[in-house]
Amino acid sequence: MASATAPFVRTAFLPYCLPEIGQEEIDEVVDSLRSGWFTTGPKVKKFEERFAEYCGVEHAIAVNSCTAALHIALTAMGVGPGDEVIVPTLTFCSTANVVAHLGARPVIVDVDDHYQISLAAIERAITSRTKVIIPVHYAGQAADLDEIGALAKSRGLEILEDAAHASGSEYKGRKIGAHGNTVAFSFYATKNMTTGEGGMITTPNAEAATKMRRLALHGMSRDAWKRYTQAGSWYYEILEPGYKDNMTDLAAAIGLHQLRKLDGFNRRRQQLAQRYDRALGPLGCFRLMQPRPDRNHVYHLYTVEIIPGTLQITRDQMIDRLKELNIGTSVHFIPLHKHPYYRDTYGYHPDQFPNAEKIFTNILSLPLYPKMSDTDADEVLETVTSVALANRTR
Ligand SMILES: Cc1ncc(COP(=O)(O)O)c(C=O)c1O
């Protein structure tokens with residue numbers, strides 16, 4: 001183990017994240033290129049069917065990002081000017097940006113000790129204008145879906161799950177996507193499965209599915225994607241002004257194989273997380289994410305929180321030191337209420353978010369992804385340990 005005077009240094013920089021792509025994905029993309037189907041075609045349809053089956057939900061609509069998925073879902077729910085949508089502050093900007101795009105008000109609330117949207121904060125934020133609650137399954141562990149669901153039902157509100165981190169995650173024995181809500185997934189390059197850029201909307205509701213599918217492709221009448229095939233027709237009608245958010249067959253070609261590998265990827269993430277927990281827990285400097293009952297945490301992120309007073313360096317200094325020692329890290333997230341747009345437009349103040357403020361000051365995300373070897377993981381641990389030991393206050 002490294003000593004305080006001579007920290008361990010990796011020979012090459014380890015990025016905070018890297019996708020895992022195999023020959024199958026490459027061959028499938030080449031097959032799409034040769035077939036002439038570059039845009040939405042049969043592979044998108046197959047990917048949607050397999051994703052829906054995997055999640056245990058009736059309908060899946062493939063789109064070109066999770067941001068698009070969230071935007072389309074809110075549009076289909078009829079969110080617009082005068083409405084309020086409750087979102088947690090510890091999330092990526094997309095969760096709230098899409099609300100602003102629709103002219104509605106994102107009502108930003110604090111998170112709890114598990115980094116999830118706080119149930120008490122939701123209750124305090126509900127007004128007569130509230131229409132939707134967006135819980136984010138932070139880092140790949142499910143939010144309190146039952147409790148939030150019961151609250152939403154009692155107040156006549158809709159739930160849109162932001163599952164950007166949660167492909168393959170489970171809550172109470174069922175996959176995320178299968179709990180009766182509209183759900184938005186991300187297949188961005190850093191996610192548990194990727195299509196480069198991409199996303200999916202799932203819903204048990206056939207009517208909502210039809211509307212969202214239409215919104216994702218200009219508002220065109222049914223099966224618009226078939227219009228260049230023998231089975232299709234040149235004739236279509238625009239039923240509403242939709243968007244250009246459809247997934248391409250090139251992306252779905254990657255997604256079909258990533259989906260097959262997803263459970264294996266997630267098991268590897270869990271193994272690495274356990275390895276990290278075993279080594280970092282005993283140092284006493286970090287609060288680690290606790291796997292919670294009734295959930296299967298798929299560790300999209302491995303977030304550690306420096307316990308205040310245990311280190312002489314700040315989180316920012318820790319990140320800089322790890323970078324010097326060839327370990328990439330990141331921070332998830334800069335809370336929404338701190339971004340100038342949200343702070344200045346809605347007048348948010350740090351005092352309204354005591355938990356997120358405390359968490360944000362001290363968190364960093366360590367590299368964790370299936371492509372990492374055990375040696376990579378041990379080198380991350382050795383480096384983090386040497387930096388922590390060199391800077392302990394006690
Ligand atoms: C919580 C959360 N929601 C939404 C998104 C947006 O995903 P996409 O890049 O697929 O639009 C992200 C992306 O990082 C995210 O972390």
# chains A, B, ... in the order shown; residues from 1 in each chain; ligands from 1
$ closest_atom_pairs --of "segment 6-93 of chain A" --to "segment 347-357 of chain A" --cutoff "12 Å" --atoms "only C-alpha atoms" --output "CSV"
residue,atom,partner,partner_atom,distance
A:Pro88,CA,A:Ala356,CA,9.4
A:Thr89,CA,A:Ala356,CA,7.2
A:Leu90,CA,A:Ala356,CA,6.6
A:Thr91,CA,A:Ala356,CA,10.4
$ write_last_selection --atoms "N, CA, C and O atoms" --output "PDB file, in the first residue's frame"
ATOM      1  N   PRO A  88     -35.742  17.216  -8.493  1.00  0.00           N
ATOM      2  CA  PRO A  88     -34.710  17.326  -7.450  1.00  0.00           C
ATOM      3  C   PRO A  88     -33.574  18.229  -7.918  1.00  0.00           C
ATOM      4  O   PRO A  88     -33.330  18.333  -9.125  1.00  0.00           O
ATOM      5  N   THR A  89     -32.873  18.846  -6.979  1.00  0.00           N
ATOM      6  CA  THR A  89     -31.781  19.735  -7.377  1.00  0.00           C
ATOM      7  C   THR A  89     -30.530  18.969  -7.782  1.00  0.00           C
ATOM      8  O   THR A  89     -29.744  19.452  -8.589  1.00  0.00           O
ATOM      9  N   LEU A  90     -30.358  17.737  -7.242  1.00  0.00           N
ATOM     10  CA  LEU A  90     -29.131  16.983  -7.541  1.00  0.00           C
ATOM     11  C   LEU A  90     -29.362  16.131  -8.798  1.00  0.00           C
ATOM     12  O   LEU A  90     -29.585  14.919  -8.721  1.00  0.00           O
ATOM     13  N   THR A  91     -29.322  16.788  -9.939  1.00  0.00           N
ATOM     14  CA  THR A  91     -29.549  16.093 -11.206  1.00  0.00           C
ATOM     15  C   THR A  91     -28.881  16.861 -12.330  1.00  0.00           C
ATOM     16  O   THR A  91     -28.371  17.963 -12.128  1.00  0.00           O
TER      17      THR A  91
END
$ residues_around --residues "Asp294 of chain A" --least-positions-apart "5" --cutoff "9 Å" --atoms "only C-alpha atoms" --output "JSON, numbers by chain"
{"A": [170, 171, 172, 173]}
$ residues_near_ligand --ligand "ligand 1" --cutoff "6 Å" --atoms "only C-alpha atoms and all ligand atoms" --output "ChimeraX atom specification"
/A:65-67,91-92,94-95,136,162,164,186-188,198-199
$ write_last_selection --atoms "N, CA and C atoms" --output "mmCIF file, in the first residue's frame"
data_model
loop_
_atom_site.group_PDB
_atom_site.id
_atom_site.type_symbol
_atom_site.label_atom_id
_atom_site.label_comp_id
_atom_site.auth_asym_id
_atom_site.auth_seq_id
_atom_site.Cartn_x
_atom_site.Cartn_y
_atom_site.Cartn_z
ATOM 1 N N SER A 65 -32.324 10.875 -27.376
ATOM 2 C CA SER A 65 -31.675 11.181 -26.086
ATOM 3 C C SER A 65 -32.700 11.039 -24.973
ATOM 4 N N CYS A 66 -32.193 11.001 -23.763
ATOM 5 C CA CYS A 66 -33.105 11.003 -22.607
ATOM 6 C C CYS A 66 -33.743 12.378 -22.470
ATOM 7 N N THR A 67 -33.001 13.409 -22.874
ATOM 8 C CA THR A 67 -33.559 14.767 -22.835
ATOM 9 C C THR A 67 -34.820 14.819 -23.705
ATOM 10 N N THR A 91 -29.322 16.788 -9.939
ATOM 11 C CA THR A 91 -29.549 16.093 -11.206
ATOM 12 C C THR A 91 -28.881 16.861 -12.330
ATOM 13 N N PHE A 92 -28.888 16.248 -13.517
ATOM 14 C CA PHE A 92 -28.358 16.910 -14.704
ATOM 15 C C PHE A 92 -29.391 17.934 -15.175
ATOM 16 N N SER A 94 -30.888 18.542 -17.848
ATOM 17 C CA SER A 94 -31.998 18.128 -18.715
ATOM 18 C C SER A 94 -33.313 18.008 -17.962
ATOM 19 N N THR A 95 -33.243 17.470 -16.729
ATOM 20 C CA THR A 95 -34.458 17.187 -15.959
ATOM 21 C C THR A 95 -35.316 18.447 -15.811
ATOM 22 N N VAL A 136 -35.565 11.261 -9.857
ATOM 23 C CA VAL A 136 -34.383 10.817 -10.611
ATOM 24 C C VAL A 136 -33.776 9.638 -9.839
ATOM 25 N N ASP A 162 -37.121 9.843 -14.175
ATOM 26 C CA ASP A 162 -35.893 10.089 -14.921
ATOM 27 C C ASP A 162 -34.954 8.931 -14.586
ATOM 28 N N ALA A 164 -32.293 7.988 -16.363
ATOM 29 C CA ALA A 164 -31.075 8.106 -17.179
ATOM 30 C C ALA A 164 -29.967 7.200 -16.644
ATOM 31 N N SER A 186 -31.623 6.901 -20.642
ATOM 32 C CA SER A 186 -30.559 7.481 -21.472
ATOM 33 C C SER A 186 -29.601 6.386 -21.944
ATOM 34 N N PHE A 187 -29.200 6.499 -23.209
ATOM 35 C CA PHE A 187 -28.149 5.611 -23.740
ATOM 36 C C PHE A 187 -26.951 6.442 -24.197
ATOM 37 N N TYR A 188 -26.710 7.549 -23.514
ATOM 38 C CA TYR A 188 -25.529 8.385 -23.753
ATOM 39 C C TYR A 188 -24.268 7.537 -23.513
ATOM 40 N N GLY A 198 -28.757 8.509 -27.370
ATOM 41 C CA GLY A 198 -30.019 7.794 -27.525
ATOM 42 C C GLY A 198 -30.807 7.772 -26.237
ATOM 43 N N GLY A 199 -32.064 7.423 -26.367
ATOM 44 C CA GLY A 199 -32.919 7.335 -25.188
ATOM 45 C C GLY A 199 -34.131 6.481 -25.481
#
$ residues_around --residues "Ala279 of chain A" --least-positions-apart "4" --cutoff "8 Å" --atoms "only C-alpha atoms" --output "VMD selection string"
chain A and resid 275 283 381
$ write_last_selection --atoms "C-alpha atoms" --output "short mmCIF file (atom, residue, chain, number, x, y, z; two decimals), in the first residue's frame"
data_model
loop_
_atom_site.label_atom_id
_atom_site.label_comp_id
_atom_site.auth_asym_id
_atom_site.auth_seq_id
_atom_site.Cartn_x
_atom_site.Cartn_y
_atom_site.Cartn_z
CA ARG A 275 -14.34 -3.84 -4.18
CA LEU A 283 -10.46 4.64 5.84
CA LEU A 381 -8.07 2.47 -4.74
#
$ closest_residue --among "A:Ala273, A:Ala253, A:Leu336, A:Ala208" --to "Ser35 of chain A" --atoms "only C-alpha atoms"
A:Ala253
$ closest_residue --among "A:Leu157, A:Val9, A:Leu262, A:Ile108" --to "Ser128 of chain A" --atoms "only C-alpha atoms"
A:Leu157
$ closest_residue --among "A:Ala231, A:Met220, A:Ala12, A:Val63" --to "Thr39 of chain A" --atoms "only C-alpha atoms"
A:Val63
$ residues_around --residues "Gly177 of chain A" --least-positions-apart "3" --cutoff "12 Å" --atoms "only C-alpha atoms" --output "ChimeraX atom specification"
/A:51-60,137,142,145,159-164,166-171,173-174,180-185,200-204
$ closest_residue --among "A:Ala251, A:Val79, A:Ile122, A:Ile21" --to "Gly103 of chain A" --atoms "only C-alpha atoms"
A:Val79
$ select_by_dssp --residues "segment 27-130 of chain A" --states "helix (DSSP H, G or I)" --output "compact mmCIF listing (two decimals) with all heavy atoms, in the first residue's frame"
# COMPACT_ATOMS: atom_id res chain seq x y z
N ASP A 27 -20.18 -4.99 -36.06
CA ASP A 27 -20.74 -5.75 -37.19
C ASP A 27 -22.18 -5.34 -37.48
O ASP A 27 -22.60 -5.25 -38.64
CB ASP A 27 -20.69 -7.26 -36.91
CG ASP A 27 -19.25 -7.78 -36.88
OD1 ASP A 27 -18.34 -7.06 -37.37
OD2 ASP A 27 -19.04 -8.88 -36.34
N GLU A 28 -22.94 -5.12 -36.41
CA GLU A 28 -24.36 -4.77 -36.58
C GLU A 28 -24.51 -3.39 -37.23
O GLU A 28 -25.41 -3.18 -38.06
CB GLU A 28 -25.05 -4.79 -35.20
CG GLU A 28 -26.56 -4.83 -35.23
CD GLU A 28 -27.13 -6.18 -35.66
OE1 GLU A 28 -26.70 -7.22 -35.13
OE2 GLU A 28 -28.01 -6.18 -36.54
N VAL A 29 -23.65 -2.46 -36.87
CA VAL A 29 -23.68 -1.12 -37.50
C VAL A 29 -23.31 -1.24 -38.97
O VAL A 29 -23.96 -0.65 -39.85
CB VAL A 29 -22.74 -0.14 -36.76
CG1 VAL A 29 -22.60 1.16 -37.55
CG2 VAL A 29 -23.26 0.16 -35.36
N VAL A 30 -22.30 -2.05 -39.25
CA VAL A 30 -21.88 -2.26 -40.65
C VAL A 30 -23.04 -2.87 -41.43
O VAL A 30 -23.35 -2.46 -42.56
CB VAL A 30 -20.61 -3.14 -40.72
CG1 VAL A 30 -20.31 -3.55 -42.16
CG2 VAL A 30 -19.42 -2.41 -40.11
N ASP A 31 -23.74 -3.82 -40.81
CA ASP A 31 -24.89 -4.45 -41.46
C ASP A 31 -25.96 -3.38 -41.79
O ASP A 31 -26.53 -3.40 -42.88
CB ASP A 31 -25.46 -5.53 -40.52
CG ASP A 31 -26.70 -6.19 -41.08
OD1 ASP A 31 -26.55 -6.95 -42.05
OD2 ASP A 31 -27.82 -5.90 -40.58
N SER A 32 -26.19 -2.47 -40.86
CA SER A 32 -27.16 -1.39 -41.12
C SER A 32 -26.69 -0.52 -42.27
O SER A 32 -27.49 -0.15 -43.14
CB SER A 32 -27.35 -0.52 -39.87
OG SER A 32 -28.06 -1.22 -38.91
N LEU A 33 -25.42 -0.18 -42.27
CA LEU A 33 -24.89 0.68 -43.33
C LEU A 33 -25.05 0.00 -44.69
O LEU A 33 -25.45 0.62 -45.67
CB LEU A 33 -23.41 0.98 -43.08
CG LEU A 33 -23.13 1.95 -41.92
CD1 LEU A 33 -21.64 1.98 -41.58
CD2 LEU A 33 -23.62 3.35 -42.26
N ARG A 34 -24.77 -1.30 -44.72
CA ARG A 34 -24.90 -2.04 -45.99
C ARG A 34 -26.35 -2.17 -46.42
O ARG A 34 -26.68 -2.20 -47.59
CB ARG A 34 -24.29 -3.44 -45.86
CG ARG A 34 -22.78 -3.44 -45.74
CD ARG A 34 -22.22 -4.84 -46.02
NE ARG A 34 -20.90 -5.04 -45.45
CZ ARG A 34 -19.79 -4.47 -45.88
NH1 ARG A 34 -19.82 -3.65 -46.90
NH2 ARG A 34 -18.63 -4.71 -45.30
N SER A 35 -27.27 -2.25 -45.40
CA SER A 35 -28.69 -2.48 -45.72
C SER A 35 -29.35 -1.23 -46.31
O SER A 35 -30.41 -1.32 -46.91
CB SER A 35 -29.45 -2.88 -44.46
OG SER A 35 -29.72 -1.74 -43.67
N PRO A 42 -36.18 -1.06 -39.25
CA PRO A 42 -36.54 -2.30 -38.55
C PRO A 42 -35.74 -2.55 -37.27
O PRO A 42 -36.25 -3.17 -36.34
CB PRO A 42 -36.24 -3.39 -39.59
CG PRO A 42 -35.46 -2.73 -40.69
CD PRO A 42 -35.75 -1.27 -40.63
N LYS A 43 -34.50 -2.06 -37.22
CA LYS A 43 -33.73 -2.32 -35.99
C LYS A 43 -34.23 -1.47 -34.82
O LYS A 43 -34.17 -1.90 -33.67
CB LYS A 43 -32.24 -2.09 -36.24
CG LYS A 43 -31.64 -3.23 -37.04
CD LYS A 43 -30.15 -3.18 -37.19
CE LYS A 43 -29.75 -4.25 -38.23
NZ LYS A 43 -28.37 -4.16 -38.63
N VAL A 44 -34.72 -0.29 -35.10
CA VAL A 44 -35.32 0.52 -34.03
C VAL A 44 -36.54 -0.21 -33.48
O VAL A 44 -36.73 -0.33 -32.27
CB VAL A 44 -35.70 1.94 -34.53
CG1 VAL A 44 -36.58 2.66 -33.51
CG2 VAL A 44 -34.46 2.77 -34.82
N LYS A 45 -37.35 -0.76 -34.40
CA LYS A 45 -38.56 -1.46 -33.98
C LYS A 45 -38.20 -2.67 -33.09
O LYS A 45 -38.78 -2.88 -32.03
CB LYS A 45 -39.34 -1.90 -35.22
CG LYS A 45 -40.70 -2.42 -34.89
CD LYS A 45 -41.64 -2.32 -36.08
CE LYS A 45 -42.98 -2.95 -35.80
NZ LYS A 45 -43.51 -2.70 -34.47
N LYS A 46 -37.18 -3.42 -33.56
CA LYS A 46 -36.75 -4.59 -32.79
C LYS A 46 -36.21 -4.18 -31.42
O LYS A 46 -36.47 -4.80 -30.40
CB LYS A 46 -35.66 -5.34 -33.59
CG LYS A 46 -35.41 -6.75 -33.10
CD LYS A 46 -34.13 -7.33 -33.63
CE LYS A 46 -34.26 -7.98 -34.97
NZ LYS A 46 -32.99 -8.67 -35.35
N PHE A 47 -35.42 -3.11 -31.40
CA PHE A 47 -34.83 -2.62 -30.15
C PHE A 47 -35.93 -2.19 -29.18
O PHE A 47 -35.88 -2.51 -27.98
CB PHE A 47 -33.88 -1.45 -30.48
CG PHE A 47 -33.14 -0.87 -29.30
CD1 PHE A 47 -32.65 -1.68 -28.28
CD2 PHE A 47 -32.90 0.50 -29.22
CE1 PHE A 47 -31.97 -1.14 -27.20
CE2 PHE A 47 -32.21 1.06 -28.15
CZ PHE A 47 -31.75 0.23 -27.14
N GLU A 48 -36.95 -1.51 -29.70
CA GLU A 48 -38.06 -1.10 -28.84
C GLU A 48 -38.77 -2.32 -28.24
O GLU A 48 -39.07 -2.36 -27.04
CB GLU A 48 -39.09 -0.30 -29.65
CG GLU A 48 -38.60 1.08 -30.03
CD GLU A 48 -39.57 1.87 -30.91
OE1 GLU A 48 -40.45 1.25 -31.56
OE2 GLU A 48 -39.45 3.08 -30.95
N GLU A 49 -39.00 -3.33 -29.09
CA GLU A 49 -39.71 -4.52 -28.60
C GLU A 49 -38.88 -5.23 -27.52
O GLU A 49 -39.40 -5.63 -26.49
CB GLU A 49 -39.97 -5.49 -29.76
CG GLU A 49 -41.10 -5.02 -30.66
CD GLU A 49 -41.16 -5.74 -32.01
OE1 GLU A 49 -40.35 -6.67 -32.25
OE2 GLU A 49 -42.00 -5.33 -32.83
N ARG A 50 -37.58 -5.37 -27.78
CA ARG A 50 -36.72 -6.07 -26.81
C ARG A 50 -36.58 -5.27 -25.51
O ARG A 50 -36.51 -5.85 -24.43
CB ARG A 50 -35.35 -6.33 -27.43
CG ARG A 50 -35.46 -7.23 -28.64
CD ARG A 50 -34.34 -8.21 -28.74
NE ARG A 50 -34.65 -9.11 -29.84
CZ ARG A 50 -33.78 -9.50 -30.74
NH1 ARG A 50 -32.51 -9.12 -30.66
NH2 ARG A 50 -34.13 -10.32 -31.70
N PHE A 51 -36.51 -3.95 -25.62
CA PHE A 51 -36.36 -3.13 -24.41
C PHE A 51 -37.62 -3.23 -23.55
O PHE A 51 -37.55 -3.38 -22.33
CB PHE A 51 -36.03 -1.68 -24.76
CG PHE A 51 -35.49 -0.89 -23.59
CD1 PHE A 51 -34.14 -0.96 -23.28
CD2 PHE A 51 -36.34 -0.12 -22.80
CE1 PHE A 51 -33.63 -0.25 -22.18
CE2 PHE A 51 -35.83 0.58 -21.70
CZ PHE A 51 -34.48 0.51 -21.40
N ALA A 52 -38.77 -3.16 -24.22
CA ALA A 52 -40.05 -3.27 -23.49
C ALA A 52 -40.14 -4.62 -22.78
O ALA A 52 -40.50 -4.71 -21.60
CB ALA A 52 -41.22 -3.09 -24.45
N GLU A 53 -39.75 -5.67 -23.51
CA GLU A 53 -39.80 -7.02 -22.94
C GLU A 53 -38.84 -7.12 -21.75
O GLU A 53 -39.17 -7.67 -20.70
CB GLU A 53 -39.40 -8.01 -24.04
CG GLU A 53 -39.65 -9.45 -23.69
CD GLU A 53 -39.12 -10.38 -24.78
OE1 GLU A 53 -38.89 -9.90 -25.92
OE2 GLU A 53 -38.90 -11.53 -24.48
N TYR A 54 -37.64 -6.56 -21.90
CA TYR A 54 -36.63 -6.60 -20.84
C TYR A 54 -37.16 -5.92 -19.56
O TYR A 54 -36.99 -6.44 -18.46
CB TYR A 54 -35.35 -5.91 -21.33
CG TYR A 54 -34.30 -5.76 -20.27
CD1 TYR A 54 -33.42 -6.81 -19.97
CD2 TYR A 54 -34.17 -4.58 -19.55
CE1 TYR A 54 -32.45 -6.67 -18.98
CE2 TYR A 54 -33.21 -4.43 -18.57
CZ TYR A 54 -32.36 -5.49 -18.29
OH TYR A 54 -31.41 -5.35 -17.30
N CYS A 55 -37.80 -4.77 -19.74
CA CYS A 55 -38.29 -4.02 -18.58
C CYS A 55 -39.58 -4.62 -18.01
O CYS A 55 -39.92 -4.37 -16.86
CB CYS A 55 -38.57 -2.56 -18.94
SG CYS A 55 -37.12 -1.62 -19.34
N CYS A 66 -32.19 11.00 -23.76
CA CYS A 66 -33.10 11.00 -22.61
C CYS A 66 -33.74 12.38 -22.47
O CYS A 66 -34.89 12.50 -22.04
CB CYS A 66 -32.32 10.65 -21.35
SG CYS A 66 -33.30 10.61 -19.85
N THR A 67 -33.00 13.41 -22.87
CA THR A 67 -33.56 14.77 -22.84
C THR A 67 -34.82 14.82 -23.71
O THR A 67 -35.86 15.34 -23.29
CB THR A 67 -32.51 15.79 -23.34
OG1 THR A 67 -31.30 15.59 -22.60
CG2 THR A 67 -32.99 17.21 -23.19
N ALA A 68 -34.72 14.25 -24.92
CA ALA A 68 -35.88 14.20 -25.81
C ALA A 68 -37.00 13.37 -25.18
O ALA A 68 -38.19 13.73 -25.27
CB ALA A 68 -35.48 13.60 -27.16
N ALA A 69 -36.63 12.27 -24.52
CA ALA A 69 -37.64 11.41 -23.88
C ALA A 69 -38.41 12.19 -22.82
O ALA A 69 -39.64 12.13 -22.75
CB ALA A 69 -36.95 10.19 -23.26
N LEU A 70 -37.68 12.93 -21.99
CA LEU A 70 -38.33 13.71 -20.93
C LEU A 70 -39.23 14.80 -21.54
O LEU A 70 -40.36 15.02 -21.09
CB LEU A 70 -37.25 14.38 -20.05
CG LEU A 70 -36.40 13.44 -19.18
CD1 LEU A 70 -35.16 14.17 -18.66
CD2 LEU A 70 -37.21 12.89 -18.00
N HIS A 71 -38.73 15.43 -22.59
CA HIS A 71 -39.48 16.52 -23.23
C HIS A 71 -40.77 16.00 -23.87
O HIS A 71 -41.85 16.57 -23.68
CB HIS A 71 -38.57 17.19 -24.28
CG HIS A 71 -39.23 18.31 -25.01
ND1 HIS A 71 -39.50 18.25 -26.35
CD2 HIS A 71 -39.69 19.50 -24.58
CE1 HIS A 71 -40.11 19.39 -26.71
NE2 HIS A 71 -40.22 20.15 -25.66
N ILE A 72 -40.65 14.89 -24.57
CA ILE A 72 -41.83 14.31 -25.23
C ILE A 72 -42.84 13.84 -24.18
O ILE A 72 -44.05 14.06 -24.32
CB ILE A 72 -41.41 13.15 -26.15
CG1 ILE A 72 -40.70 13.73 -27.38
CG2 ILE A 72 -42.60 12.30 -26.57
CD1 ILE A 72 -40.13 12.68 -28.29
N ALA A 73 -42.34 13.21 -23.12
CA ALA A 73 -43.25 12.70 -22.09
C ALA A 73 -44.03 13.85 -21.45
O ALA A 73 -45.25 13.75 -21.27
CB ALA A 73 -42.46 11.93 -21.04
N LEU A 74 -43.33 14.94 -21.12
CA LEU A 74 -44.03 16.08 -20.51
C LEU A 74 -45.01 16.72 -21.49
O LEU A 74 -46.10 17.16 -21.11
CB LEU A 74 -43.03 17.13 -20.02
CG LEU A 74 -42.18 16.76 -18.80
CD1 LEU A 74 -41.25 17.92 -18.45
CD2 LEU A 74 -43.04 16.40 -17.58
N THR A 75 -44.60 16.78 -22.77
CA THR A 75 -45.50 17.34 -23.79
C THR A 75 -46.78 16.50 -23.86
O THR A 75 -47.90 17.03 -23.89
CB THR A 75 -44.81 17.36 -25.18
OG1 THR A 75 -43.56 18.00 -25.05
CG2 THR A 75 -45.65 18.08 -26.22
N ALA A 76 -46.61 15.18 -23.87
CA ALA A 76 -47.77 14.28 -23.96
C ALA A 76 -48.66 14.40 -22.72
O ALA A 76 -49.87 14.17 -22.78
CB ALA A 76 -47.30 12.84 -24.14
N SER A 94 -30.89 18.54 -17.85
CA SER A 94 -32.00 18.13 -18.71
C SER A 94 -33.31 18.01 -17.96
O SER A 94 -34.38 18.34 -18.50
CB SER A 94 -31.74 16.74 -19.32
OG SER A 94 -30.58 16.72 -20.04
N THR A 95 -33.24 17.47 -16.73
CA THR A 95 -34.46 17.19 -15.96
C THR A 95 -35.32 18.45 -15.81
O THR A 95 -36.55 18.38 -15.83
CB THR A 95 -34.09 16.63 -14.56
OG1 THR A 95 -33.00 15.72 -14.69
CG2 THR A 95 -35.25 15.94 -13.90
N ALA A 96 -34.65 19.60 -15.66
CA ALA A 96 -35.39 20.86 -15.50
C ALA A 96 -35.48 21.65 -16.80
O ALA A 96 -36.48 22.34 -17.04
CB ALA A 96 -34.71 21.71 -14.43
N ASN A 97 -34.45 21.56 -17.64
CA ASN A 97 -34.49 22.33 -18.90
C ASN A 97 -35.74 22.03 -19.71
O ASN A 97 -36.36 22.93 -20.28
CB ASN A 97 -33.27 22.00 -19.77
CG ASN A 97 -32.00 22.71 -19.32
OD1 ASN A 97 -32.03 23.54 -18.41
ND2 ASN A 97 -30.88 22.40 -19.95
N VAL A 98 -36.12 20.76 -19.76
CA VAL A 98 -37.27 20.38 -20.58
C VAL A 98 -38.56 21.02 -20.06
O VAL A 98 -39.48 21.31 -20.84
CB VAL A 98 -37.44 18.83 -20.69
CG1 VAL A 98 -36.29 18.22 -21.47
CG2 VAL A 98 -37.57 18.19 -19.32
N VAL A 99 -38.62 21.23 -18.75
CA VAL A 99 -39.80 21.89 -18.16
C VAL A 99 -39.83 23.34 -18.63
O VAL A 99 -40.87 23.84 -19.08
CB VAL A 99 -39.73 21.82 -16.61
CG1 VAL A 99 -40.95 22.50 -16.00
CG2 VAL A 99 -39.61 20.37 -16.13
N ALA A 100 -38.65 23.98 -18.58
CA ALA A 100 -38.56 25.38 -19.04
C ALA A 100 -38.88 25.49 -20.52
O ALA A 100 -39.55 26.44 -20.94
CB ALA A 100 -37.17 25.93 -18.74
N HIS A 101 -38.44 24.51 -21.33
CA HIS A 101 -38.74 24.54 -22.77
C HIS A 101 -40.24 24.63 -23.03
O HIS A 101 -40.68 25.21 -24.02
CB HIS A 101 -38.24 23.27 -23.48
CG HIS A 101 -36.75 23.13 -23.50
ND1 HIS A 101 -36.12 21.92 -23.72
CD2 HIS A 101 -35.77 24.03 -23.32
CE1 HIS A 101 -34.82 22.11 -23.68
NE2 HIS A 101 -34.58 23.38 -23.44
N LEU A 119 -38.98 13.23 -0.11
CA LEU A 119 -40.45 13.12 -0.07
C LEU A 119 -41.05 14.31 0.68
O LEU A 119 -42.04 14.91 0.24
CB LEU A 119 -40.83 11.80 0.61
CG LEU A 119 -42.30 11.42 0.55
CD1 LEU A 119 -42.75 11.15 -0.87
CD2 LEU A 119 -42.58 10.21 1.44
N ALA A 120 -40.42 14.68 1.80
CA ALA A 120 -40.92 15.80 2.60
C ALA A 120 -40.86 17.09 1.78
O ALA A 120 -41.79 17.92 1.82
CB ALA A 120 -40.10 15.94 3.88
N ALA A 121 -39.78 17.24 1.00
CA ALA A 121 -39.63 18.46 0.18
C ALA A 121 -40.68 18.49 -0.93
O ALA A 121 -41.21 19.55 -1.25
CB ALA A 121 -38.22 18.53 -0.40
N ILE A 122 -41.00 17.32 -1.48
CA ILE A 122 -42.06 17.28 -2.52
C ILE A 122 -43.37 17.75 -1.90
O ILE A 122 -44.08 18.60 -2.45
CB ILE A 122 -42.25 15.85 -3.10
CG1 ILE A 122 -40.99 15.32 -3.77
CG2 ILE A 122 -43.41 15.84 -4.10
CD1 ILE A 122 -41.11 13.87 -4.26
N GLU A 123 -43.67 17.19 -0.72
CA GLU A 123 -44.95 17.52 -0.07
C GLU A 123 -45.08 19.02 0.15
O GLU A 123 -46.13 19.61 -0.08
CB GLU A 123 -45.06 16.78 1.27
CG GLU A 123 -45.65 15.41 1.10
CD GLU A 123 -45.88 14.69 2.42
OE1 GLU A 123 -44.87 14.42 3.10
OE2 GLU A 123 -47.04 14.40 2.72
N ARG A 124 -43.96 19.63 0.58
CA ARG A 124 -43.99 21.08 0.84
C ARG A 124 -44.14 21.89 -0.45
O ARG A 124 -44.68 22.98 -0.45
CB ARG A 124 -42.69 21.52 1.54
CG ARG A 124 -42.64 21.16 3.03
CD ARG A 124 -41.50 21.91 3.72
NE ARG A 124 -40.20 21.56 3.19
CZ ARG A 124 -39.45 20.55 3.62
NH1 ARG A 124 -39.90 19.77 4.59
NH2 ARG A 124 -38.27 20.30 3.09
N ALA A 125 -43.67 21.31 -1.58
CA ALA A 125 -43.62 22.09 -2.84
C ALA A 125 -44.90 22.00 -3.66
O ALA A 125 -45.10 22.78 -4.58
CB ALA A 125 -42.44 21.60 -3.68
$ closest_residue --among "A:Asp245, A:Trp37, A:Gly149, A:Tyr299" --to "Thr229 of chain A" --atoms "only C-alpha atoms"
A:Trp37
$ select_by_dssp --residues "segment 220-313 of chain A" --states "strand (DSSP E)" --output "PyMOL selection string"
chain A and resi 286-288+295-296+302-306
$ atom_distance --atom1 "atom CA of Pro7 of chain A" --atom2 "atom CA of Thr383 of chain A"
6.7 Å
$ atom_distance --atom1 "atom CA of Asp378 of chain A" --atom2 "atom CA of Arg268 of chain A"
14.5 Å
